[in-house]
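File shown: structure35.txt (compact mmCIF, C-alpha atoms and all ligand atoms).
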```
# COMPACT_ATOMS: atom_id res chain seq x y z
CA MET A 1 -10.09 6.17 -24.30
CA GLY A 2 -10.96 7.00 -20.66
CA GLU A 3 -14.34 8.44 -21.62
CA SER A 4 -16.03 5.09 -21.48
CA PHE A 5 -14.27 4.03 -18.30
CA ASP A 6 -16.70 3.45 -15.45
CA ILE A 7 -14.97 3.59 -12.06
CA ARG A 8 -18.03 2.30 -10.19
CA LYS A 9 -18.08 -0.79 -12.41
CA TRP A 10 -14.39 -1.27 -11.64
CA PHE A 11 -15.22 -1.28 -7.93
CA ASP A 12 -17.81 -3.98 -8.56
CA ASN A 13 -15.69 -6.19 -10.85
CA ARG A 14 -12.04 -5.20 -10.23
CA ASP A 15 -11.31 -6.94 -13.50
CA ASN A 16 -8.76 -4.64 -15.14
CA LEU A 17 -5.67 -3.14 -13.59
CA LEU A 18 -6.67 0.39 -12.51
CA VAL A 19 -3.94 2.84 -13.49
CA ILE A 20 -3.99 6.34 -12.04
CA SER A 21 -1.27 8.69 -13.19
CA GLY A 22 -0.44 12.38 -13.37
CA PRO A 23 1.69 14.94 -11.61
CA CYS A 24 2.39 15.03 -7.91
CA SER A 25 1.32 18.69 -8.08
CA VAL A 26 -0.57 20.57 -10.74
CA GLU A 27 1.83 23.45 -11.43
CA SER A 28 0.61 25.22 -14.56
CA ARG A 29 -1.89 24.73 -17.38
CA GLU A 30 0.93 23.90 -19.80
CA GLN A 31 2.49 21.33 -17.47
CA LEU A 32 -0.80 19.57 -16.78
CA LEU A 33 -1.95 19.49 -20.41
CA ALA A 34 1.46 18.32 -21.67
CA THR A 35 1.53 15.53 -19.08
CA ALA A 36 -2.07 14.56 -19.86
CA ALA A 37 -1.29 14.52 -23.61
CA GLY A 38 1.57 12.09 -22.97
CA LEU A 39 -0.61 9.90 -20.76
CA SER A 40 -3.36 9.81 -23.37
CA GLU A 41 -0.94 7.69 -25.47
CA ILE A 42 -1.08 4.93 -22.82
CA ASP A 43 -4.30 2.91 -23.02
CA ARG A 44 -3.96 1.59 -19.51
CA VAL A 45 -4.17 5.03 -17.88
CA LYS A 46 -7.80 5.80 -17.14
CA VAL A 47 -7.53 8.32 -14.32
CA LEU A 48 -5.57 11.57 -14.24
CA ARG A 49 -4.32 12.49 -10.79
CA GLY A 50 -3.14 15.95 -9.79
CA GLY A 51 -2.36 17.43 -6.39
CA ILE A 52 -4.07 20.82 -6.01
CA TRP A 53 -3.40 21.37 -2.31
CA LYS A 54 -0.10 19.92 -1.12
CA PRO A 55 0.64 18.96 2.47
CA ARG A 56 4.28 20.03 2.86
CA THR A 57 6.69 19.48 5.69
CA ARG A 58 7.98 23.08 5.69
CA PRO A 59 5.78 26.17 5.22
CA ASP A 60 8.06 27.83 2.65
CA ALA A 61 7.62 24.99 0.11
CA PHE A 62 5.15 25.01 -2.81
CA GLU A 63 1.78 24.29 -1.22
CA GLY A 64 -0.19 23.72 -4.39
CA ILE A 65 -1.69 25.89 -7.11
CA GLY A 66 -5.20 25.88 -5.58
CA GLU A 67 -8.59 26.37 -7.26
CA VAL A 68 -7.32 27.47 -10.68
CA GLY A 69 -5.69 24.03 -11.08
CA LEU A 70 -9.13 22.41 -10.89
CA LYS A 71 -10.09 24.32 -14.04
CA TRP A 72 -7.09 22.84 -15.83
CA MET A 73 -8.00 19.37 -14.57
CA GLN A 74 -11.43 19.89 -16.08
CA GLU A 75 -9.87 20.97 -19.35
CA ALA A 76 -7.60 17.89 -19.44
CA LYS A 77 -10.64 15.71 -18.77
CA GLN A 78 -12.60 17.25 -21.63
CA ARG A 79 -9.65 17.04 -24.01
CA TYR A 80 -8.49 13.50 -23.28
CA GLY A 81 -11.44 11.79 -21.63
CA PHE A 82 -9.70 10.88 -18.38
CA LEU A 83 -11.51 10.65 -15.10
CA THR A 84 -9.91 13.10 -12.67
CA MET A 85 -8.75 12.60 -9.12
CA THR A 86 -7.33 14.86 -6.43
CA GLU A 87 -6.42 14.89 -2.74
CA VAL A 88 -8.80 16.55 -0.29
CA ALA A 89 -7.83 17.39 3.26
CA ASN A 90 -10.76 19.50 4.46
CA PRO A 91 -14.42 20.23 3.61
CA GLU A 92 -13.52 23.29 1.55
CA HIS A 93 -11.36 21.13 -0.71
CA VAL A 94 -14.25 18.69 -1.12
CA GLU A 95 -16.67 21.45 -2.02
CA LEU A 96 -14.32 22.93 -4.64
CA ALA A 97 -13.34 19.54 -6.10
CA MET A 98 -17.03 18.66 -6.54
CA ARG A 99 -17.78 22.06 -8.05
CA TYR A 100 -15.18 21.43 -10.76
CA GLY A 101 -16.42 17.92 -11.51
CA ILE A 102 -13.52 15.95 -10.03
CA ASP A 103 -14.56 12.29 -10.34
CA ILE A 104 -12.60 10.61 -7.57
CA LEU A 105 -11.12 11.87 -4.30
CA TRP A 106 -8.28 10.62 -2.18
CA LEU A 107 -7.33 11.22 1.44
CA GLY A 108 -3.58 11.65 1.92
CA ALA A 109 -1.34 9.79 4.34
CA ARG A 110 -1.01 12.79 6.65
CA THR A 111 -4.77 13.38 6.77
CA VAL A 112 -5.52 9.71 7.49
CA ALA A 113 -3.21 9.96 10.50
CA ASN A 114 -5.68 12.43 12.06
CA PRO A 115 -9.09 11.01 13.03
CA PHE A 116 -10.53 14.52 13.56
CA SER A 117 -9.79 15.40 9.91
CA VAL A 118 -11.11 12.07 8.63
CA GLN A 119 -14.35 12.50 10.59
CA GLU A 120 -14.76 16.05 9.31
CA LEU A 121 -14.32 14.80 5.74
CA ALA A 122 -16.69 11.88 6.30
CA ASP A 123 -19.34 14.27 7.64
CA CYS A 124 -19.09 16.58 4.68
CA LEU A 125 -19.19 13.66 2.21
CA ARG A 126 -22.28 12.13 3.83
CA GLY A 127 -24.76 10.99 1.21
CA CYS A 128 -22.39 11.44 -1.78
CA ASP A 129 -21.65 8.55 -4.09
CA ILE A 130 -18.23 9.80 -5.21
CA PRO A 131 -15.49 7.15 -5.00
CA VAL A 132 -12.95 7.91 -2.26
CA PHE A 133 -9.54 6.30 -1.95
CA VAL A 134 -7.81 6.31 1.41
CA LYS A 135 -4.03 6.22 1.60
CA ASN A 136 -2.44 4.30 4.45
CA PRO A 137 -1.41 6.57 7.34
CA ILE A 138 2.27 7.51 7.53
CA ALA A 139 2.91 5.23 10.52
CA PRO A 140 2.46 1.44 10.18
CA ASP A 141 -0.81 1.54 12.11
CA LEU A 142 -3.37 -0.73 10.44
CA LYS A 143 -6.09 0.18 12.95
CA LEU A 144 -5.87 3.83 12.00
CA TRP A 145 -6.28 2.91 8.32
CA VAL A 146 -9.24 0.63 9.08
CA GLY A 147 -10.72 3.35 11.32
CA ALA A 148 -10.71 5.82 8.41
CA PHE A 149 -12.71 3.35 6.29
CA GLU A 150 -15.14 2.87 9.17
CA ARG A 151 -15.70 6.62 9.47
CA LEU A 152 -16.43 6.82 5.72
CA ASP A 153 -18.65 3.69 5.91
CA GLY A 154 -20.54 5.47 8.66
CA ALA A 155 -21.20 8.40 6.31
CA GLY A 156 -22.78 6.00 3.80
CA LEU A 157 -19.98 6.10 1.21
CA LYS A 158 -20.18 3.03 -1.00
CA TYR A 159 -17.15 3.28 -3.26
CA LEU A 160 -14.13 3.09 -0.98
CA GLY A 161 -10.66 2.03 -2.04
CA GLY A 162 -7.26 1.81 -0.36
CA ILE A 163 -3.94 3.14 -1.60
CA HIS A 164 -0.85 1.43 -0.24
CA ARG A 165 1.88 4.11 -0.30
CA GLY A 166 4.35 2.61 2.16
CA PHE A 167 5.18 3.58 5.75
CA ALA A 168 7.71 5.92 7.34
CA SER A 169 10.49 4.07 9.09
CA VAL A 170 13.47 5.00 11.21
CA ASP A 171 15.51 2.12 9.79
CA GLU A 172 17.83 2.73 6.90
CA SER A 173 16.11 1.64 3.70
CA PRO A 174 16.37 2.03 -0.07
CA TYR A 175 12.71 3.09 -0.05
CA ARG A 176 11.29 6.49 0.83
CA ASN A 177 8.48 4.62 2.56
CA GLU A 178 8.93 1.02 3.65
CA PRO A 179 6.39 -1.16 1.74
CA LEU A 180 5.57 -3.54 4.67
CA TRP A 181 3.45 -5.65 2.30
CA GLU A 182 1.98 -7.57 5.23
CA ILE A 183 -0.10 -4.52 6.23
CA PRO A 184 -2.13 -4.13 2.99
CA ILE A 185 -2.46 -7.94 2.91
CA GLU A 186 -3.95 -7.87 6.42
CA LEU A 187 -6.27 -5.03 5.38
CA LEU A 188 -7.50 -7.21 2.49
CA ARG A 189 -8.13 -10.04 4.93
CA LEU A 190 -10.10 -7.80 7.29
CA ARG A 191 -11.92 -5.83 4.60
CA PRO A 192 -12.18 -7.94 1.43
CA ASP A 193 -14.81 -5.48 0.19
CA ILE A 194 -12.17 -2.74 -0.21
CA PRO A 195 -9.97 -2.84 -3.33
CA VAL A 196 -6.40 -1.76 -2.62
CA ILE A 197 -4.03 -0.32 -5.22
CA THR A 198 -0.31 0.44 -4.94
CA ASP A 199 1.26 3.90 -5.06
CA ILE A 200 4.71 2.87 -6.21
CA SER A 201 5.94 6.48 -6.47
CA HIS A 202 5.64 7.25 -2.76
CA ILE A 203 6.98 3.83 -1.78
CA CYS A 204 10.11 4.24 -3.93
CA GLY A 205 10.87 7.94 -3.67
CA CYS A 206 13.18 7.62 -6.69
CA ARG A 207 12.82 6.58 -10.33
CA GLU A 208 15.36 3.77 -10.19
CA LEU A 209 13.25 1.48 -7.98
CA LEU A 210 9.90 1.97 -9.72
CA GLN A 211 10.13 -0.91 -12.19
CA GLU A 212 11.16 -3.44 -9.57
CA VAL A 213 8.51 -2.38 -7.06
CA ALA A 214 5.80 -2.30 -9.74
CA GLN A 215 6.69 -5.90 -10.63
CA LYS A 216 6.71 -6.93 -6.98
CA ALA A 217 3.27 -5.32 -6.47
CA LEU A 218 1.89 -7.20 -9.48
CA ASP A 219 3.38 -10.46 -8.25
CA MET A 220 1.69 -9.83 -4.89
CA GLY A 221 -1.62 -9.47 -6.75
CA THR A 222 -2.18 -5.72 -6.78
CA ILE A 223 -5.18 -4.62 -8.81
CA GLY A 224 -4.04 -1.09 -9.54
CA PHE A 225 -1.30 1.49 -9.52
CA MET A 226 -0.93 5.14 -8.69
CA ILE A 227 2.19 6.52 -10.41
CA GLU A 228 3.34 10.12 -10.50
CA THR A 229 4.21 11.48 -13.97
CA HIS A 230 5.39 14.91 -15.12
CA ASN A 231 6.30 16.28 -18.53
CA ASP A 232 9.58 17.62 -17.06
CA PRO A 233 10.24 15.59 -13.90
CA ASP A 234 13.64 17.09 -13.07
CA ASN A 235 12.07 20.51 -12.72
CA ALA A 236 8.96 19.40 -10.85
CA LEU A 237 8.04 21.63 -7.88
CA THR A 238 7.35 18.60 -5.66
CA ASP A 239 8.64 15.02 -5.58
CA ALA A 240 11.00 15.64 -8.52
CA LYS A 241 13.13 12.55 -7.82
CA GLN A 242 10.28 10.07 -8.07
CA GLN A 243 8.33 11.42 -11.05
CA ILE A 244 8.80 10.01 -14.55
CA THR A 245 7.69 11.15 -17.98
CA PRO A 246 4.62 9.55 -19.57
CA GLU A 247 7.01 8.08 -22.19
CA SER A 248 9.00 6.30 -19.46
CA LEU A 249 5.76 5.01 -17.98
CA LYS A 250 4.79 3.56 -21.35
CA LYS A 251 8.14 1.75 -21.54
CA ALA A 252 7.87 0.55 -17.95
CA PHE A 253 4.51 -1.10 -18.70
CA LYS A 254 6.08 -2.99 -21.60
CA ASN A 255 8.67 -4.46 -19.24
CA LEU A 256 6.17 -5.77 -16.68
CA THR A 257 5.18 -9.41 -16.50
CA PHE A 258 1.48 -9.83 -15.82
CA ARG A 259 0.42 -12.98 -14.00
CA LYS A 260 -2.91 -14.68 -14.27
CA LYS A 261 -5.10 -14.57 -11.17
CA LYS A 262 -5.90 -18.26 -11.48
CA VAL A 263 -4.27 -21.27 -13.12
CA ASP A 264 -6.03 -22.71 -16.12
CA GLY A 265 -3.62 -25.25 -17.62
CA ASP A 266 -1.53 -27.33 -15.24
CA ALA A 267 -3.79 -26.83 -12.22
CA ILE A 268 -2.97 -30.30 -10.90
CA VAL A 269 0.72 -29.40 -10.43
CA LEU A 270 -0.20 -26.43 -8.25
CA HIS A 271 -2.81 -28.49 -6.42
CA ASN A 272 -0.23 -31.14 -5.51
CA LEU A 273 2.33 -28.59 -4.38
CA ARG A 274 -0.28 -26.93 -2.17
CA LYS A 275 -1.18 -30.29 -0.69
CA GLU A 276 2.50 -30.83 0.11
CA ILE A 277 2.66 -27.42 1.84
CA ASP A 278 -0.50 -28.18 3.85
CA ASP A 279 1.01 -31.47 5.06
CA ILE A 280 4.24 -29.76 6.08
CA ASP A 281 2.30 -27.05 7.96
CA ASP A 282 0.40 -29.79 9.78
CA GLU A 283 3.65 -31.42 10.79
CA LEU A 284 5.04 -28.07 11.95
CA LEU A 285 2.00 -27.51 14.17
CA ASN A 286 2.27 -30.99 15.71
CA LEU A 287 5.95 -30.41 16.41
CA LEU A 288 5.25 -27.02 17.91
CA ALA A 289 2.63 -28.49 20.26
CA LYS A 290 5.08 -31.22 21.25
CA ARG A 291 7.79 -28.64 21.89
CA MET A 292 5.46 -26.62 24.13
CA SER A 293 4.56 -29.65 26.23
CA VAL A 294 8.26 -30.34 26.83
CA SER A 295 8.71 -26.71 27.66
CA GLU A 296 5.93 -26.95 30.29
CA LYS A 297 7.73 -29.92 31.90
CA ILE A 298 10.89 -27.82 32.07
CA GLY A 299 8.77 -25.07 33.68
CA ASP A 300 7.57 -27.51 36.39
CA PHE A 301 11.11 -28.62 37.06
CA LYS A 302 12.29 -25.00 37.40
CA LYS A 303 9.42 -24.21 39.78
CA GLN A 304 10.17 -27.18 42.02
CA ASN A 305 13.87 -26.39 42.11
CA LYS A 306 13.34 -22.62 42.36
CA VAL A 307 15.38 -21.96 39.22
CA ALA A 308 14.78 -18.70 37.26
CA VAL A 309 12.61 -19.16 34.15
CA LEU A 310 14.71 -17.09 31.77
CA GLN A 311 18.18 -18.55 31.29
CA MET A 312 19.82 -15.86 29.16
CA GLY A 313 23.01 -17.79 28.44
CA ARG A 314 21.19 -20.81 27.08
CA TRP A 315 18.76 -18.68 25.08
CA LYS A 316 21.62 -16.78 23.40
CA GLN A 317 23.38 -20.04 22.62
CA ILE A 318 20.39 -21.81 21.07
CA LEU A 319 19.32 -18.75 19.08
CA GLU A 320 22.79 -18.42 17.58
CA HIS A 321 22.87 -22.12 16.80
CA HIS A 322 19.44 -22.01 15.10
CA ILE A 323 20.30 -18.97 13.01
CA ASN A 324 23.54 -20.57 11.82
CA LYS A 325 21.88 -23.85 11.07
CA GLY A 326 19.00 -22.10 9.28
CA VAL A 327 21.36 -20.07 7.12
CA GLY A 328 23.25 -23.28 6.31
CA LEU A 329 19.95 -24.76 5.12
CA GLY A 330 19.36 -21.81 2.81
CA LEU A 331 16.89 -20.00 5.10
CA ASP A 332 16.87 -16.28 5.80
CA GLY A 333 18.72 -15.63 9.09
CA GLU A 334 16.50 -12.71 10.10
CA SER A 335 13.34 -14.78 9.57
CA VAL A 336 14.74 -17.73 11.57
CA LYS A 337 15.56 -15.29 14.38
CA GLU A 338 12.04 -13.83 14.38
CA ILE A 339 10.39 -17.28 14.35
CA PHE A 340 12.46 -18.51 17.31
CA GLU A 341 11.92 -15.28 19.24
CA ILE A 342 8.16 -15.88 19.03
CA ILE A 343 8.51 -19.54 20.00
CA HIS A 344 10.80 -18.68 22.90
CA LYS A 345 8.48 -15.96 24.18
CA ASP A 346 5.56 -18.42 24.18
CA SER A 347 7.71 -21.00 25.99
CA ILE A 348 8.67 -18.50 28.68
CA ASP A 349 5.05 -17.38 29.14
CA ARG A 350 4.03 -21.00 29.75
CA GLN A 351 6.73 -21.45 32.37
CA LEU A 352 5.78 -18.34 34.39
C1 LIG B 1 0.74 12.61 -3.13
O1 LIG B 1 0.09 11.65 -3.59
O2 LIG B 1 1.30 13.46 -3.81
C2 LIG B 1 0.92 12.65 -1.66
C3 LIG B 1 1.14 13.79 -1.01
O3 LIG B 1 0.90 11.43 -1.13
P1 LIG B 1 0.98 10.88 0.39
O4 LIG B 1 -0.25 11.39 1.07
O5 LIG B 1 0.95 9.42 0.14
O6 LIG B 1 2.27 11.37 0.97
MN MN B 2 3.83 13.28 -4.42
```

Go ahead and render the structure in this file as structure tokens.
Amino acid sequence: MGESFDIRKWFDNRDNLLVISGPCSVESREQLLATAAGLSEIDRVKVLRGGIWKPRTRPDAFEGIGEVGLKWMQEAKQRYGFLTMTEVANPEHVELAMRYGIDILWLGARTVANPFSVQELADCLRGCDIPVFVKNPIAPDLKLWVGAFERLDGAGLKYLGGIHRGFASVDESPYRNEPLWEIPIELLRLRPDIPVITDISHICGCRELLQEVAQKALDMGTIGFMIETHNDPDNALTDAKQQITPESLKKAFKNLTFRKKKVDGDAIVLHNLRKEIDDIDDELLNLLAKRMSVSEKIGDFKKQNKVAVLQMGRWKQILEHHINKGVGLGLDGESVKEIFEIIHKDSIDRQL
């Protein structure tokens, strides 16, 4: 299986779904080898992940097995032919991971939040051709994520990938980390050279949501997954709630619907629908421009008559009306609200 898998070729072609799986933390030789044995039954899994050094919130928690775990990773690689992957947070981790033949590295969400650490890692990786994946930082800060890639670019690294693992949020949510799909999409727009995969385990935080989020990620066009697996998830030392057995992963794959990247058959149907959308967008833009010119006339009137620009009562009234009308038309109330808030803000700016 994995033996013939060439990760650098994957970076160049991105043709097959890249599946990275393994325990959140490497805990013991038995645990790692049992998990790897289960994963070796799933053709799609080409890379074995295992956390050796764990960034924990509290100091009394399990902080990783350390160097000895790298030996077990090596053993699992020899036995089952996986490529191996681990998280590095400082130059010492990099040195040890390389010494034990780890094939791929990743930078964790907490590390990416700290430019000093990222720069230190970039400096020590200078001149290496090892593939490095960069998780999104904990906070929804796209610039920080992009900045990490730029630091690694600057060190000459050629095989860089992104891992979308969701973002911490203060709002109540079913997810451990809010997916905020628009952020990885924007990263792809800014850096089309960087392949981005989805870490559904850290987005979900629990087993129950994994299937649904995996499907959503595929529907959004993801080209790979990172999924945490453990031979005995309930007793895992870290992230017990979100880990699944390799057997469950095998089943989960069977229940996914894979979409084609491009249409081959009825392309004309899609073409016509897209044309319809383009025409509607055109109309929307014309209407928006028309609305703004009326808004400017109102602004002139207010100036001449010394009337305040922001009329809170009217704004509240029209917003409520638009939301109700939108919902009646089958639109999402929250989205209607956001759209009109943007339009209103632009209107006000023009009147000032
Ligand atoms: C992990 O992959 O186990 C991990 C610690 O992830 P993150 O950096 O995304 O929290
Ligand atoms: Mn984890």

Environment of ligand LIG 1 (chain B) within 7 Å, counting only C-alpha atoms and all ligand atoms, reported as a PyMOL selection string: chain A and resi 24-25+51+54-55+108-110+135+165+202

Next, the residues of the selection above should be written as a CSV table (one decimal), in the coordinates of the input with C-alpha atoms.
```csv
chain,number,residue,atom,x,y,z
A,24,CYS,CA,2.4,15.0,-7.9
A,25,SER,CA,1.3,18.7,-8.1
A,51,GLY,CA,-2.4,17.4,-6.4
A,54,LYS,CA,-0.1,19.9,-1.1
A,55,PRO,CA,0.6,19.0,2.5
A,108,GLY,CA,-3.6,11.6,1.9
A,109,ALA,CA,-1.3,9.8,4.3
A,110,ARG,CA,-1.0,12.8,6.6
A,135,LYS,CA,-4.0,6.2,1.6
A,165,ARG,CA,1.9,4.1,-0.3
A,202,HIS,CA,5.6,7.2,-2.8
```

Could you check how far CA of Ser117 in chain A sits from CA of Asn90 in chain A, in Å to one decimal?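 Calculated distance between CA of Ser117 in chain A and CA of Asn90 in chain A is 6.9 Å.
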
Using all atoms listed in the file, determine which residues lie at most 12 Å from Asn13 in chain A, disregarding the query and same-chain residues fewer than 4 positions distant; provide the list as JSON, numbers by chain. {"A": [6, 7, 8, 9, 17, 18, 193, 194, 195, 223]}

Compile the contact shell of range 252-260 of chain A as number ranges by chain: residues with an atom at most 8 Å away, counting all atoms listed in the file, same-chain residues fewer than 3 positions apart removed. A: 211, 214-215, 218-219, 248-249, 263

Nearest to Glu87 in chain A, chosen from A:Leu32, A:Leu142, A:Leu209, A:Val26, with all atoms listed in the file counted in the distances: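 That would be A:Val26, the residue with the smallest distance to Glu87 in chain A.
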
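Closest approach to ligand MN 2 (chain B) from the set A:Leu329, A:Ile52, A:Ala267, A:Leu160 is made by A:Ile52, with distances taken over only C-alpha atoms and all ligand atoms.
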
Kindly provide, as an NGL selection string, all nucleotide and amino acid residues lying within 10 Å of ligand MN 2 (chain B), counting only C-alpha atoms and all ligand atoms. :A and (22-25 or 50-51 or 54-56 or 108 or 199 or 201-202 or 205 or 227-229 or 237-243)

Separation of CA of Val327 in chain A from CA of Ile298 in chain A in Å: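 Straight-line distance from CA of Ile298 in chain A to CA of Val327 in chain A works out to 28.1 Å.
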
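Take CA of Gly330 in chain A and CA of Ala217 in chain A: the distance between them is 24.8 Å.
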
Env of Ala36 in chain A: 10 Å cut, atoms = only C-alpha atoms, seq-sep filter 3 positions within chain, self excluded. Answer as JSON, numbers by chain. {"A": [21, 22, 23, 30, 31, 32, 33, 39, 40, 41, 45, 47, 48, 49, 73, 76, 77, 79, 80, 81, 82, 229, 230, 231, 246]}

Just checking: using only C-alpha atoms, which residue out of A:Leu352, A:Met85, A:Leu152, A:Leu121 ends up closest to Lys306 in chain A?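 Smallest separation from Lys306 in chain A among the options: A:Leu352.
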
Could you give me, as a count of residues only, the residues that sit within 9 Å of (-16.0, 16.6, -1.9) in the file's coordinates, counting all atoms listed in the file? 19

Among listed residues A:Ile163, A:Cys206, A:Ala148, A:Leu157, nearest Arg176 in chain A (using only C-alpha atoms):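 With only C-alpha atoms as the atom set, the closest residue is A:Cys206.
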
For range 318-320 of chain A, list every protein, DNA or RNA residue within 9 Å, evaluated using all atoms listed in the file, and leave out those in the same chain fewer than 2 positions away; present the list as a VMD selection string. chain A and resid 313 to 316 322 to 325 336 to 337 340 to 341

From the set A:Asn177, A:Gln311, A:Gln351, A:Asn272, which residue has the shortest atom-to-atom contact distance to Gly299 in chain A, counting all atoms listed in the file?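 The closest residue to Gly299 in chain A is A:Gln351.
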